[in-house]
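What follows is the content of input_22.txt (compact mmCIF, C-alpha atoms).
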# COMPACT_ATOMS: atom_id res chain seq x y z
CA MET A 1 -84.46 -41.99 -28.86
CA SER A 2 -83.60 -39.95 -25.84
CA SER A 3 -86.47 -38.51 -23.84
CA TYR A 4 -84.48 -35.37 -22.96
CA PRO A 5 -85.30 -32.19 -24.87
CA PRO A 6 -82.71 -31.00 -27.36
CA SER A 7 -80.11 -28.69 -25.91
CA SER A 8 -80.79 -25.03 -26.60
CA PRO A 9 -78.16 -22.86 -28.25
CA ALA A 10 -75.80 -20.89 -26.00
CA GLN A 11 -77.51 -17.81 -24.62
CA PRO A 12 -75.83 -14.43 -25.07
CA THR A 13 -74.27 -12.78 -22.06
CA SER A 14 -76.96 -11.07 -20.01
CA LEU A 15 -76.83 -7.33 -19.35
CA ARG A 16 -76.22 -7.91 -15.65
CA GLN A 17 -73.20 -10.12 -16.42
CA ARG A 18 -71.90 -7.63 -18.98
CA LEU A 19 -72.08 -4.74 -16.52
CA ALA A 20 -70.45 -6.85 -13.82
CA GLY A 21 -67.59 -7.54 -16.21
CA LEU A 22 -67.18 -3.83 -16.91
CA ARG A 23 -66.78 -2.85 -13.25
CA GLY A 24 -64.94 -6.06 -12.24
CA PRO A 25 -66.49 -9.39 -11.19
CA ALA A 26 -65.48 -8.91 -7.54
CA VAL A 27 -66.53 -5.27 -7.34
CA PRO A 28 -70.05 -4.63 -5.97
CA PRO A 29 -72.13 -2.13 -7.96
CA ARG A 30 -72.11 1.40 -6.60
CA PRO A 31 -75.74 2.45 -6.00
CA LEU A 32 -77.04 5.56 -7.70
CA ASP A 33 -78.29 8.44 -5.59
CA ALA A 34 -80.16 11.63 -6.40
CA ARG A 35 -76.97 13.69 -6.78
CA ALA A 36 -75.58 11.26 -9.36
CA LEU A 37 -78.84 11.19 -11.30
CA ALA A 38 -79.06 14.98 -11.18
CA ALA A 39 -75.52 15.23 -12.54
CA LEU A 40 -76.55 12.95 -15.41
CA ALA A 41 -79.36 15.36 -16.23
CA ALA A 42 -76.92 18.28 -16.18
CA ASN A 43 -74.86 16.64 -18.97
CA PRO A 44 -77.21 14.33 -20.89
CA GLY A 45 -74.88 13.97 -23.88
CA CYS A 46 -72.09 12.23 -21.96
CA GLY A 47 -72.16 8.54 -22.84
CA ARG A 48 -69.15 7.88 -20.60
CA ARG A 49 -70.95 8.92 -17.43
CA ALA A 50 -74.16 7.19 -18.49
CA LEU A 51 -72.35 3.87 -18.98
CA LEU A 52 -70.22 4.08 -15.83
CA ASP A 53 -73.17 5.02 -13.63
CA GLY A 54 -75.39 2.42 -15.26
CA ALA A 55 -72.76 -0.25 -14.61
CA GLY A 56 -72.29 0.89 -11.00
CA VAL A 57 -68.59 1.73 -11.47
CA ASP A 58 -66.93 3.52 -8.55
CA LYS A 59 -65.79 6.64 -10.40
CA THR A 60 -63.83 7.95 -7.40
CA ALA A 61 -61.61 4.85 -7.33
CA LEU A 62 -61.38 4.89 -11.13
CA ALA A 63 -60.27 8.55 -11.18
CA THR A 64 -57.63 7.84 -8.54
CA ALA A 65 -56.29 4.88 -10.54
CA LEU A 66 -56.15 7.10 -13.63
CA GLY A 67 -53.99 9.62 -11.75
CA SER A 68 -56.63 12.36 -11.75
CA PRO A 69 -58.42 12.12 -8.39
CA ALA A 70 -61.42 14.34 -7.80
CA ALA A 71 -60.41 17.40 -5.79
CA PHE A 72 -63.83 18.48 -4.68
CA GLY A 73 -66.20 17.62 -1.85
CA GLN A 74 -68.31 19.17 0.86
CA SER A 75 -66.44 20.44 3.90
CA GLN A 76 -67.19 19.10 7.34
CA PHE A 77 -68.17 22.60 8.44
CA ALA A 78 -70.74 22.86 5.64
CA ILE A 79 -72.19 19.45 6.57
CA VAL A 80 -72.55 20.40 10.22
CA ARG A 81 -74.08 23.75 9.32
CA GLY A 82 -76.53 22.10 6.92
CA ASN A 83 -77.62 19.50 9.48
CA SER A 84 -78.11 22.21 12.10
CA PHE A 85 -80.24 24.32 9.76
CA GLU A 86 -82.33 21.33 8.68
CA ALA A 87 -83.00 20.41 12.32
CA LYS A 88 -84.12 23.99 12.97
CA VAL A 89 -86.50 23.95 9.98
CA LYS A 90 -88.05 20.62 11.03
CA GLY A 91 -88.22 21.42 14.74
CA ASP A 92 -91.46 21.43 16.72
CA GLY A 93 -93.02 18.71 14.62
CA GLY A 94 -92.24 20.49 11.35
CA ALA A 95 -94.49 23.44 12.20
CA GLU A 96 -92.26 26.03 10.47
CA LEU A 97 -91.76 23.84 7.41
CA LEU A 98 -95.49 23.22 7.01
CA ARG A 99 -96.13 26.96 7.46
CA LEU A 100 -93.73 27.75 4.60
CA VAL A 101 -95.35 25.14 2.34
CA HIS A 102 -98.81 26.56 3.11
CA ALA A 103 -97.73 30.18 2.58
CA HIS A 104 -95.92 29.61 -0.73
CA LEU A 105 -97.79 26.74 -2.38
CA ALA A 106 -101.29 26.46 -0.87
CA PRO A 107 -102.41 29.78 0.65
CA ALA A 108 -106.07 29.03 -0.10
CA ALA A 109 -106.05 25.76 1.82
CA GLU A 110 -106.78 25.34 5.51
CA PRO A 111 -103.56 26.17 7.40
CA PRO A 112 -101.82 23.25 9.11
CA GLY A 113 -102.64 22.97 12.79
CA ALA A 114 -100.65 21.76 15.74
CA GLY A 115 -101.82 18.18 15.14
CA ALA A 116 -100.27 17.75 11.70
CA ARG A 117 -99.26 14.17 11.00
CA VAL A 118 -95.58 13.18 11.10
CA PRO A 119 -95.55 9.38 10.60
CA ASP A 120 -92.70 7.16 11.73
CA LEU A 121 -90.87 5.82 8.67
CA THR A 122 -88.46 3.53 10.52
CA ALA A 123 -87.96 0.12 8.89
CA ALA A 124 -85.22 -2.41 8.23
CA GLY A 125 -83.11 -1.73 5.16
CA PRO A 126 -83.83 0.55 2.19
CA GLU A 127 -86.45 -1.84 0.79
CA GLY A 128 -88.34 -1.82 4.08
CA ARG A 129 -88.13 1.95 4.38
CA ALA A 130 -89.37 2.40 0.81
CA ALA A 131 -92.34 0.13 1.52
CA ARG A 132 -93.07 1.99 4.77
CA THR A 133 -92.92 5.32 2.90
CA ALA A 134 -95.35 4.09 0.25
CA LEU A 135 -97.75 3.00 2.99
CA ALA A 136 -97.44 6.37 4.77
CA LEU A 137 -98.16 8.21 1.52
CA ARG A 138 -101.26 6.09 0.96
CA GLU A 139 -102.52 6.73 4.50
CA ALA A 140 -101.81 10.47 4.32
CA THR A 141 -103.62 10.82 0.98
CA SER A 142 -106.68 9.02 2.36
CA ALA A 143 -106.66 11.06 5.59
CA LYS A 144 -106.87 14.37 3.65
CA ASP A 145 -104.79 16.20 6.23
CA TRP A 146 -101.43 17.95 6.31
CA THR A 147 -98.68 15.33 6.65
CA LEU A 148 -94.91 15.72 6.83
CA LEU A 149 -92.70 12.81 5.78
CA ASP A 150 -89.24 13.40 7.23
CA HIS A 151 -86.51 11.79 5.11
CA PRO A 152 -88.74 9.29 3.29
CA MET A 153 -87.19 6.55 1.18
CA LEU A 154 -88.23 6.42 -2.47
CA ALA A 155 -87.46 3.72 -5.03
CA LEU A 156 -86.77 4.46 -8.69
CA GLU A 157 -85.85 1.85 -11.27
CA VAL A 158 -82.66 2.83 -13.08
CA ALA A 159 -81.05 0.62 -15.72
CA GLY A 160 -83.13 -2.33 -14.59
CA SER A 161 -82.27 -2.12 -10.88
CA PRO A 162 -83.83 -0.07 -8.05
CA ALA A 163 -82.15 3.12 -6.86
CA TYR A 164 -83.13 4.26 -3.37
CA LEU A 165 -83.47 8.01 -2.92
CA GLU A 166 -83.92 10.02 0.26
CA PRO A 167 -85.30 13.58 -0.09
CA ASP A 168 -85.18 16.00 2.80
CA ALA A 169 -88.96 15.99 3.16
CA VAL A 170 -92.23 15.34 1.34
CA VAL A 171 -95.41 17.17 2.37
CA VAL A 172 -98.86 15.77 1.61
CA HIS A 173 -101.56 18.45 1.20
CA PRO A 174 -105.18 17.97 2.29
CA ASP A 175 -106.20 17.80 -1.39
CA GLY A 176 -103.88 14.83 -2.02
CA ARG A 177 -101.05 16.77 -3.64
CA TRP A 178 -97.48 15.75 -2.78
CA THR A 179 -94.72 18.38 -2.59
CA VAL A 180 -90.98 17.76 -2.47
CA VAL A 181 -89.07 20.05 -0.09
CA GLU A 182 -85.36 20.69 -0.57
CA ILE A 183 -83.52 22.18 2.42
CA LYS A 184 -80.17 23.80 1.56
CA SER A 185 -77.70 25.73 3.69
CA PHE A 186 -76.71 28.33 1.08
CA PRO A 187 -78.31 31.74 1.75
CA MET A 188 -81.23 33.34 -0.02
CA ILE A 189 -80.39 37.06 -0.08
CA ASP A 190 -83.21 39.52 -0.82
CA GLY A 191 -85.39 36.62 -1.94
CA ALA A 192 -82.87 35.23 -4.47
CA ALA A 193 -80.14 32.59 -4.24
CA ASP A 194 -77.18 31.65 -6.40
CA ALA A 195 -78.56 30.55 -9.77
CA ALA A 196 -76.12 27.65 -10.21
CA LYS A 197 -76.93 26.24 -6.77
CA VAL A 198 -80.66 26.63 -7.34
CA GLY A 199 -80.32 24.81 -10.67
CA ALA A 200 -78.49 21.92 -9.01
CA ALA A 201 -81.18 21.73 -6.31
CA ALA A 202 -83.90 21.75 -8.99
CA ARG A 203 -82.29 18.86 -10.88
CA GLN A 204 -81.97 16.89 -7.66
CA ALA A 205 -85.61 17.56 -6.75
CA ALA A 206 -86.69 16.46 -10.24
CA VAL A 207 -85.28 12.98 -9.48
CA TYR A 208 -87.44 12.79 -6.36
CA VAL A 209 -90.50 13.92 -8.29
CA LEU A 210 -90.00 11.16 -10.86
CA ALA A 211 -89.74 8.59 -8.08
CA LEU A 212 -92.88 9.92 -6.40
CA GLU A 213 -94.81 9.78 -9.66
CA ARG A 214 -94.29 6.01 -9.81
CA THR A 215 -95.99 5.67 -6.42
CA ALA A 216 -98.70 8.27 -7.09
CA GLY A 217 -99.75 6.45 -10.25
CA LYS A 218 -100.96 3.55 -8.09
CA LEU A 219 -103.02 5.67 -5.67
CA PRO A 220 -106.33 7.29 -6.69
CA GLY A 221 -106.50 10.95 -5.73
CA ALA A 222 -102.74 11.38 -5.39
CA GLU A 223 -100.89 13.99 -7.45
CA VAL A 224 -97.23 15.04 -7.45
CA GLY A 225 -96.67 18.79 -7.72
CA HIS A 226 -94.17 20.01 -10.30
CA THR A 227 -93.34 22.98 -8.10
CA VAL A 228 -90.98 22.13 -5.26
CA LEU A 229 -90.19 24.28 -2.25
CA LEU A 230 -86.59 25.38 -1.72
CA VAL A 231 -85.88 26.31 1.92
CA CYS A 232 -82.71 28.29 2.69
CA PRO A 233 -81.36 30.61 5.40
CA LYS A 234 -82.66 34.16 5.04
CA ASP A 235 -79.97 36.70 4.15
CA PHE A 236 -77.06 36.15 6.57
CA SER A 237 -79.09 34.73 9.44
CA ASN A 238 -80.12 31.21 10.38
CA LEU A 239 -83.82 31.96 9.96
CA PRO A 240 -85.54 29.87 7.27
CA THR A 241 -87.12 31.36 4.20
CA ALA A 242 -88.46 29.64 1.09
CA ALA A 243 -89.17 30.06 -2.60
CA PRO A 244 -91.14 27.86 -5.03
CA VAL A 245 -89.14 26.38 -7.93
CA ASP A 246 -90.78 25.04 -11.09
CA ILE A 247 -88.89 21.88 -12.07
CA ARG A 248 -90.87 20.77 -15.15
CA ARG A 249 -87.94 21.36 -17.49
CA GLU A 250 -85.50 19.56 -15.20
CA ARG A 251 -87.96 16.70 -14.82
CA SER A 252 -88.23 16.26 -18.59
CA VAL A 253 -84.45 16.27 -19.06
CA THR A 254 -83.95 13.82 -16.20
CA ARG A 255 -86.62 11.47 -17.53
CA ARG A 256 -84.99 11.43 -20.97
CA GLN A 257 -81.61 10.68 -19.43
CA LEU A 258 -83.04 7.88 -17.31
CA ASP A 259 -84.62 6.44 -20.44
CA ARG A 260 -81.17 6.49 -21.99
CA LEU A 261 -79.76 4.68 -18.97
CA THR A 262 -82.29 1.92 -19.47
CA ARG A 263 -80.69 1.42 -22.88
CA VAL A 264 -77.23 1.17 -21.37
CA GLU A 265 -76.98 -2.23 -23.07
CA GLU A 266 -76.49 -0.42 -26.37
CA LEU A 267 -73.55 1.53 -24.96
CA ALA A 268 -72.01 -1.62 -23.49
CA ALA A 269 -72.49 -3.59 -26.72
CA ALA A 270 -70.36 -1.08 -28.64
CA LEU A 271 -67.31 -1.78 -26.44
CA PRO A 272 -64.66 -4.41 -27.24
CA GLU A 273 -65.01 -7.76 -25.50
CA GLY A 274 -63.00 -8.07 -22.30
CA LEU A 275 -62.85 -4.34 -21.60
CA SER A 276 -63.04 -3.52 -17.89
CA PHE A 277 -62.94 -0.46 -15.60
CA ASP A 278 -61.76 -2.46 -12.59
CA PRO A 279 -59.08 -0.32 -10.86
CA VAL A 280 -57.79 -3.36 -8.94
CA THR A 281 -57.00 -5.76 -11.77
CA ARG A 282 -56.24 -3.27 -14.55
CA THR A 283 -53.16 -1.09 -14.96
CA ALA A 284 -53.38 2.66 -15.43
CA GLU A 285 -52.63 2.31 -19.14
CA GLU A 286 -55.40 -0.26 -19.57
CA LEU A 287 -57.85 1.95 -17.68
CA VAL A 288 -56.98 4.95 -19.85
CA GLU A 289 -57.64 2.86 -22.95
CA ALA A 290 -60.92 1.57 -21.52
CA VAL A 291 -62.19 5.02 -20.57
CA SER A 292 -61.17 6.44 -23.96
CA ALA A 293 -63.31 3.79 -25.67
CA VAL A 294 -66.47 5.55 -24.43
CA ASP A 295 -67.38 8.96 -25.85
CA ALA A 296 -67.54 11.82 -23.36
CA ALA A 297 -69.02 15.32 -23.48
CA TYR A 298 -66.72 17.31 -21.21
CA ALA A 299 -67.62 20.82 -20.07
CA PRO A 300 -66.07 22.96 -17.32
CA GLU A 301 -69.28 22.51 -15.30
CA CYS A 302 -68.36 18.83 -14.90
CA LEU A 303 -65.62 19.81 -12.44
CA ALA A 304 -68.24 20.40 -9.76
CA ALA A 305 -70.29 17.26 -10.40
CA CYS A 306 -68.27 14.35 -11.82
CA GLU A 307 -65.39 12.41 -10.32
CA LEU A 308 -63.81 11.86 -13.75
CA ALA A 309 -63.94 15.54 -14.73
CA PHE A 310 -60.23 16.21 -14.19
CA HIS A 311 -59.25 13.25 -16.35
CA CYS A 312 -61.69 14.30 -19.08
CA ARG A 313 -60.37 17.88 -18.91
CA ASP A 314 -56.78 16.75 -19.37
CA ARG A 315 -57.81 14.62 -22.35
CA ALA A 316 -59.79 17.47 -23.90
CA ARG A 317 -56.84 19.83 -23.53
CA SER A 318 -54.34 17.35 -24.94
CA ALA A 319 -56.64 16.77 -27.93
CA ASP A 320 -56.95 20.56 -28.41
CA GLN A 321 -60.75 20.34 -28.15
CA VAL A 322 -62.77 23.52 -27.80
CA THR A 323 -65.06 21.77 -25.30
CA ALA A 324 -62.46 22.64 -22.66
CA LEU A 325 -63.44 26.29 -23.16
CA GLY A 326 -67.12 25.75 -22.28
CA ARG A 327 -70.41 24.79 -23.88
CA SER A 328 -71.17 28.33 -25.08
CA VAL A 329 -67.86 28.55 -26.99
CA ARG A 330 -68.37 25.06 -28.40
CA GLY A 331 -71.84 26.00 -29.60
CA GLU A 332 -70.65 29.20 -31.25
CA LEU A 333 -67.80 27.54 -33.14
CA GLY A 334 -69.98 24.92 -34.85
CA ALA A 335 -67.85 22.60 -37.01
CA LEU A 336 -64.60 24.03 -35.62
CA THR A 337 -63.96 21.39 -32.98
CA THR A 338 -60.30 22.18 -32.15
CA VAL A 339 -58.58 25.34 -30.94
CA GLU A 340 -56.08 25.07 -33.80
CA ALA A 341 -58.90 25.06 -36.36
CA ALA A 342 -60.51 28.09 -34.69
CA LEU A 343 -57.22 30.02 -34.72
CA ALA A 344 -56.65 29.08 -38.35
CA ALA A 345 -60.12 30.35 -39.23
CA ALA A 346 -59.44 33.61 -37.40
CA ALA A 347 -56.20 34.01 -39.35
CA GLY A 348 -58.05 33.49 -42.64
CA THR A 349 -56.49 30.13 -43.51
CA GLY A 350 -59.56 28.07 -42.69
CA CYS A 351 -62.32 26.84 -44.96
CA ALA A 352 -63.70 29.91 -46.71
CA GLU A 353 -67.03 28.20 -47.37
CA ASP A 354 -67.70 27.63 -43.67
CA PRO A 355 -69.88 30.52 -42.40
CA THR A 356 -68.52 30.11 -38.88
CA ALA A 357 -64.93 30.35 -40.11
CA ALA A 358 -65.81 33.40 -42.23
CA ALA A 359 -67.49 35.11 -39.26
CA LEU A 360 -64.53 34.32 -37.02
CA HIS A 361 -62.07 35.74 -39.58
CA ARG A 362 -64.15 38.90 -39.92
CA ALA A 363 -64.30 39.31 -36.14
CA ALA A 364 -60.52 38.90 -35.90
CA ARG A 365 -60.01 41.47 -38.68
CA LEU A 366 -62.33 43.99 -36.99
CA ARG A 367 -60.51 43.47 -33.70
CA ALA A 368 -57.15 44.07 -35.37
CA GLU A 369 -58.45 47.22 -37.04
CA ALA A 370 -59.79 48.51 -33.74
CA LEU A 371 -56.48 47.89 -31.95
CA GLU A 372 -54.22 49.22 -34.74
CA PRO A 373 -54.73 52.99 -34.13
CA ALA A 374 -53.93 52.52 -30.46
CA ALA A 375 -50.73 50.69 -31.36
CA VAL A 376 -49.39 53.33 -33.78
CA ARG A 377 -50.57 56.36 -31.84
CA PRO A 378 -47.61 58.14 -30.20
CA PRO A 379 -47.70 58.18 -26.44
CA HIS A 380 -49.13 61.28 -24.82
CA PRO A 381 -46.44 63.57 -23.45
CA SER A 382 -46.50 63.71 -19.69
CA PRO A 383 -47.46 67.15 -18.41
CA GLU A 384 -44.59 69.16 -17.06
CA THR A 385 -44.47 69.53 -13.35
CA PRO A 386 -45.21 73.17 -12.47
CA ALA A 387 -42.41 74.97 -10.76
CA CYS A 388 -42.71 75.33 -7.06
CA PRO A 389 -43.89 78.88 -6.27
CA CYS A 390 -41.79 79.11 -3.16
Please lay out the structure from this file as structure tokens.
Amino acid sequence: MSSYPPSSPAQPTSLRQRLAGLRGPAVPPRPLDARALAALAANPGCGRRALLDGAGVDKTALATALGSPAAFGQSQFAIVRGNSFEAKVKGDGGAELLRLVHAHLAPAAEPPGAGARVPDLTAAGPEGRAARTALALREATSAKDWTLLDHPMLALEVAGSPAYLEPDAVVVHPDGRWTVVEIKSFPMIDGAADAAKVGAAARQAAVYVLALERTAGKLPGAEVGHTVLLVCPKDFSNLPTAAPVDIRRERSVTRRQLDRLTRVEELAAALPEGLSFDPVTRTAEELVEAVSAVDAAYAPECLAACELAFHCRDRARSADQVTALGRSVRGELGALTTVEAALAAAAGTGCAEDPTAAALHRAARLRAEALEPAAVRPPHPSPETPACPC
């Protein structure tokens, strides 16, 4: 009898190998950043984006291969202006930034003095910087003094692999509370900024808060604040002003979406064997078929956040889907998922038992009745021009 143990049955393909096959064996995974994770939270129902981001697929290259390249991006002027404003806010050892944090989030605490701590976070590689940041947070919490961490590196596990995130700043309060600071170059006019831009900043800050909570859970006395500080130029000047933003809702949505990403294996298991999103080895027709195999939840807001948005919009329009008209319209129409079905319901040829179709038909009838008198009313005679008295 042989002394070797019996051979074990063939093991199923691991998740890492499956994801590598989806993006292409020779294609390195694209790391997730805070903007990508925030975009996931903005559209949590999109399985297509969840799978592609979880697999590390380069969506920019994929969109180009599909013939619908992303036509958005930050201008060089905006980048330079943002860097200049951030340097101004953090100048003089972060004195102005700490003053804004104290004034808006901790007015009862001792104000930060000239000797506030600004530790050096330099280290080799993202792993080294993340470890150095964790050490600086531990030291600042124990010191019970105002501390500014400039561009710290945070680690957050996403789909079984670490994602390294770099917020603009994290401030440690004397009581051990940690506050995320987001510095943006869009203006805050009369104390208010553009709601869409503030929402995007809040979702991005929520990702940083989740990463900080992993570190704070290992340190006694540390607490991550759920109110972040948004710093923007005041009115039309370059002077900084700030406003607190409660991100508890965004944090909850982001956490649920990250939990879904950790189950990306379920999304990958539903795909046919051999399917790949590799733009190098696959033709455009094969890539279209591969992308169509994953359900998407397109909305016009995707155009500002997702590289595949233009492809998804074209597909939604060609399929006559009402999602191309926006989430609010899609929510109002209920079971009417196509424009043709909505028009049929408005014309009275839809399902009479559907309350949405009945309401749409009634609305169309009321609109027609309101416009009918104006259509049959004779035009008003133009007043005669009075004769010239001369």
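Minimum atom-to-atom distance to Ala205 (chain A), evaluated using only C-alpha atoms, belongs to A:Ala38 out of A:Ala38, A:Val322, A:Ala363, A:Ala123.
The shortest atom-to-atom distance to Ser252 (chain A), with all atoms listed in the file taken into account, belongs to A:Leu210 out of A:Ala114, A:Ala222, A:Ser68, A:Leu210.
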note - CA of Pro162 (chain A) and CA of Arg282 (chain A) are separated by 28.5 Å
State, in Å with one decimal place, the distance from CA of Ala296 (chain A) to CA of Lys59 (chain A).
-> 14.1 Å
Neighbours of point (-60.5, 1.2, -12.4) within 8 Å, using only C-alpha atoms, written as a list in words | Arg23, Asp58, Lys59, Ala61, Leu62, Ala63, Ala65, Leu66, Ser276, Phe277, Asp278, Pro279, Val280, Thr281, Arg282, Ala284 and Leu287 of chain A
Of the residues A:Leu121, A:Ser328, A:Ala206, A:Leu51, which is the one nearest to Arg248 (chain A), using all atoms listed in the file?
-> A:Ala206
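Our summary of the geometry notes that CA of Asp295 (chain A) is positioned 25.7 Å from CA of Ala26 (chain A).
Among the candidate residues A:Leu156, A:Ala297, A:Ala341, A:Cys46, the one lying nearest to Ala316 (chain A) is A:Ala297, with distances computed using all atoms listed in the file.
The shortest atom-to-atom distance to Gly125 (chain A), with only C-alpha atoms taken into account, belongs to A:Met153 out of A:Gln257, A:Gly54, A:Gly47, A:Met153.
Residue nearest Ala304 (chain A) within the list A:Ala34, A:Leu275, A:Ala196, A:Val118: A:Ala196 [criterion: smallest interatomic distance, only C-alpha atoms].
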Could you pull the residues within 12 Å of region 105-109 of chain A, counting only C-alpha atoms, minus those fewer than 3 positions along the same chain, as a ChimeraX atom specification?
-> /A:97-102,112-113,144-146,171-181,225-230,242-246
